[in-house]
Every structure is written in structure tokens, then in C-alpha cells.
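Undergrad: First, the structure itself, so that you have it in front of you.
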Amino acid sequence: MATRNILKDGERGLTKKSRDVTEYNKRLHQLIDDMRETLIEANGLGLAAPQVGVLRRVVLIVDSSDDGIADDPGAVNEETAFEELSDEELYEHINSKIIELINPEIITADGEQTGKEGCLSVPGVYGVVTRPNVVRVKAQDRHGKTFELETSELTARAVCHEVDHLNGVIFTSVAERILTEDELAGYDDENKSQGND
């Protein structure tokens with residue numbers, strides 16, 4: 001496994017639509033394994049193949065549904081969420097929470113959540129984005145077996161964000177507004193006091 005370079009906003013591959021995966025082979029498995037390594041190294045909650053320069057419909061999501069690994073879709077706050085874990089234990093924990101979605105298709109979406117969103121391809125920038133609160137996804141695993149998965153809250157937000165990447169859409173183009181540094185600090189304080197994201 002190796003880490004791959006994450007493309008940044010403005011690079012051409014991020015605005016192109018990805019093609020379906022049709023071959024479930026060693027090359028695909030290497031891509032997925034490298035994406036796992038890259039996602040963990042970057043402390044992210046999701047990564048799409050176009051972000052590492054591969055225009056294929058492959059997405060990795062860290063399932064944050066049961067242990068609160070982050071209150072921010074732009075980064076895993078490992079310093080506060082897993083203070084008791086060693087670096088190796090933290091790596092293994094996050095690696096075990098990664099969901100691999102090949103050719104993902106959102107088949108149902110319910111509810112609504114509005115919250116702060118960031119992106120590994122747009123470092124340091126956050127915007128307010130409205131997403132479904134619950135999504136059901138149909139996808140394949142790395143061997144081509146079809147499955148369905150229902151996610152909610154932050155994990156659902158991450159799924160929608162990464163599927164957008166597969167269609168050449170970056171969150172800044174769907175954000176209601178981009179937060180300034182002052183707004184970002186106020187937004188965090190306000191939402192913590194209200195118990196939201």
C-alpha cells in the first residue's frame with residue numbers, strides 16, 4: 001500500500017465525471033488499498049477515486065455512526081476522540097471503520113440536515129451544505145458483489161459528498177455559503193451549544 005497525492009481544487013480531474021468500474025481485479029484492489037492508506041494519513045472521513053486522479057466510481061467512507069470520530073466532515077479529530085489509543089491502535093480502528101463503495105448509487109434519501117462541510121481537496125475551507133439525513137446506497141464491494149447500505153447523519157453527509165465527487169461536483173459549488181474564519185468559530189460554538197453537528 002502507498003499513499004497517493006490528493007488533487008486540490010482547480011485541478012482538472014476533480015470536475016470530470018467518473019466511469020463505472022467493470023473489472024474487479026488486482027489493479028482495483030491496489031487502488032482501494034492505496035486510497036485507504038491515503039484517507040487515514042489525511043485524517044479524512046471520505047475519499048473518492050477522482051481525488052487521487054483516477055476517474056473511476058470508487059468511494060471510501062469512514063463510518064462514524066457509533067463512536068463520534070468527528071464532528072467535522074473535513075477531518076477526523078483523533079486527538080480528542082481517541083486519546084487513549086496508540087497510533088497503531090488508532091490506525092487499526094479507523095481502518096476497520098472504512099466502508100468501500102464501488103459504483104455507488106443513492107437509491108433513497110430522507111430527511112434533511114444542514115451543517116458545516118469541508119473537503120480534503122479544498123483544505124481550510126468550510127461551507128454550509130444541506131444534505132439528506134438518511135441515505136440508502138446500492139453498491140458493489142471490491143469483488144463485485146452487490147449490496148445495499150443505509151447510513152444517517154454524518155456518515156450520510158459523507159456518502160453524498162463523495163458521490164458528488166464521482167460526478168465532478170465539489171462541495172463549494174453546492175454550499176449555501178462559505179464560512180469566514182469568524183463565522184467558522186461562531187458556527188462551531190453555536191452548534192456545540194445546540195448539540196448539533
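Every chain in the C-alpha cells has a letter given in the order shown (A, B, ...), and although residue numbers restart at 1 in each chain, ligands are simply numbered from 1 in the order shown.
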Leaving out Pro50 (chain A) and any residue of its chain fewer than 4 positions from it, which residues lie within 6 Å of it when counting only C-alpha atoms, given as a PyMOL selection string?
TA: chain A and resi 14+54-55
Undergrad: Pick out each residue of region 9-191 of chain A that DSSP on the backbone tags as strand (DSSP E); I need them as a PyMOL selection string.
TA: chain A and resi 46-48+58-62+98-110+113-119+122-131+134-140+146-152+177-178
Undergrad: Nearest to Asn95 (chain A) among A:Gly13, A:Gly46, A:Gly186, A:Gly53, with distances taken over only C-alpha atoms: which residue is it?
TA: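 So, comparing all the options, the nearest one is A:Gly46.
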Undergrad: What does the distance between CA of Thr151 (chain A) and CA of Gly118 (chain A) come to in Å, to one decimal place?
TA: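 Rounded to one decimal, the two atoms are 19.0 Å apart.
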Undergrad: Excluding Val58 (chain A) and any residue of its chain fewer than 6 positions from it, enumerate the residues within 8 Å of it, using only C-alpha atoms, and give them as a ChimeraX atom specification.
TA: /A:21,32,48-49,100-104,166
Undergrad: From a DSSP pass on the backbone, collect the residues of chain A flagged as helix (DSSP H, G or I) and hand them back as a count of residues only.
TA: 71
Undergrad: What gap, in Å, lies between CA of Ala185 (chain A) and CA of Cys119 (chain A)?
TA: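 Spanning CA of Ala185 (chain A) to CA of Cys119 (chain A) is a straight-line distance of 17.6 Å.
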Undergrad: If you count only C-alpha atoms, which residues fall within 10 Å of His143 (chain A), apart from same-chain ones fewer than 3 positions away, as a list in words?
TA: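 Returned residues: Glu23, Tyr24, Asn25, Lys26, Leu28, His29, Ile102, Gln140 and Thr146 of chain A.
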Undergrad: For the selection you just gave me, I'd like the residues written to a file as a PDB file, in the first residue's frame, keeping C-alpha atoms.
TA:
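Result file selection.pdb:
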ATOM      1  CA  GLU A  23     -13.208  -5.129 -13.674  1.00  0.00           C
ATOM      2  CA  TYR A  24     -12.761  -6.312 -10.103  1.00  0.00           C
ATOM      3  CA  ASN A  25      -9.094  -7.215 -10.238  1.00  0.00           C
ATOM      4  CA  LYS A  26      -5.731  -6.638  -8.544  1.00  0.00           C
ATOM      5  CA  LEU A  28      -8.757  -2.154  -8.441  1.00  0.00           C
ATOM      6  CA  HIS A  29      -7.721  -3.723  -5.135  1.00  0.00           C
ATOM      7  CA  ILE A 102     -17.811   0.638  -5.807  1.00  0.00           C
ATOM      8  CA  GLN A 140     -20.563  -3.327  -5.114  1.00  0.00           C
ATOM      9  CA  THR A 146     -23.791  -6.049  -4.886  1.00  0.00           C
TER      10      THR A 146
END
Undergrad: Which is closest to Glu176 (chain A) among A:Glu162, A:Glu11, A:Glu148, A:Glu117, if we use only C-alpha atoms?
TA: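 Using only C-alpha atoms, Glu176 (chain A) sits closest to A:Glu117.
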Undergrad: Counting only C-alpha atoms, figure out which residue out of A:Asn133, A:Thr15, A:Thr3, A:Thr114 gets nearest to Arg177 (chain A).
TA: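 So, comparing all the options, the nearest one is A:Thr114.
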Undergrad: For Ala42 (chain A), which of A:Gly127, A:Ile94, A:Leu184, A:Gly144 is the closest residue, counting only C-alpha atoms?
TA: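 Looking only at the distances to Ala42 (chain A), the closest residue turns out to be A:Ile94.
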Undergrad: Please tabulate, as JSON lines, the residues of region 116-149 of chain A that come within 10 Å of region 4-7 of chain A, each with its closest pair of atoms and the distance in Å to one decimal, counting only C-alpha atoms and ordering rows by chain, then residue number upward.
TA:
{"residue": "A:Leu120", "atom": "CA", "partner": "A:Ile6", "partner_atom": "CA", "distance": 7.4}
{"residue": "A:Ser121", "atom": "CA", "partner": "A:Leu7", "partner_atom": "CA", "distance": 5.8}
{"residue": "A:Val122", "atom": "CA", "partner": "A:Leu7", "partner_atom": "CA", "distance": 8.9}
Undergrad: Calculated over only C-alpha atoms, which of the candidates A:Ser64, A:Thr108, A:Thr172, A:Asn43 has the smallest distance to Glu150 (chain A)?
TA: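 Result for the nearest residue to Glu150 (chain A): A:Thr108.
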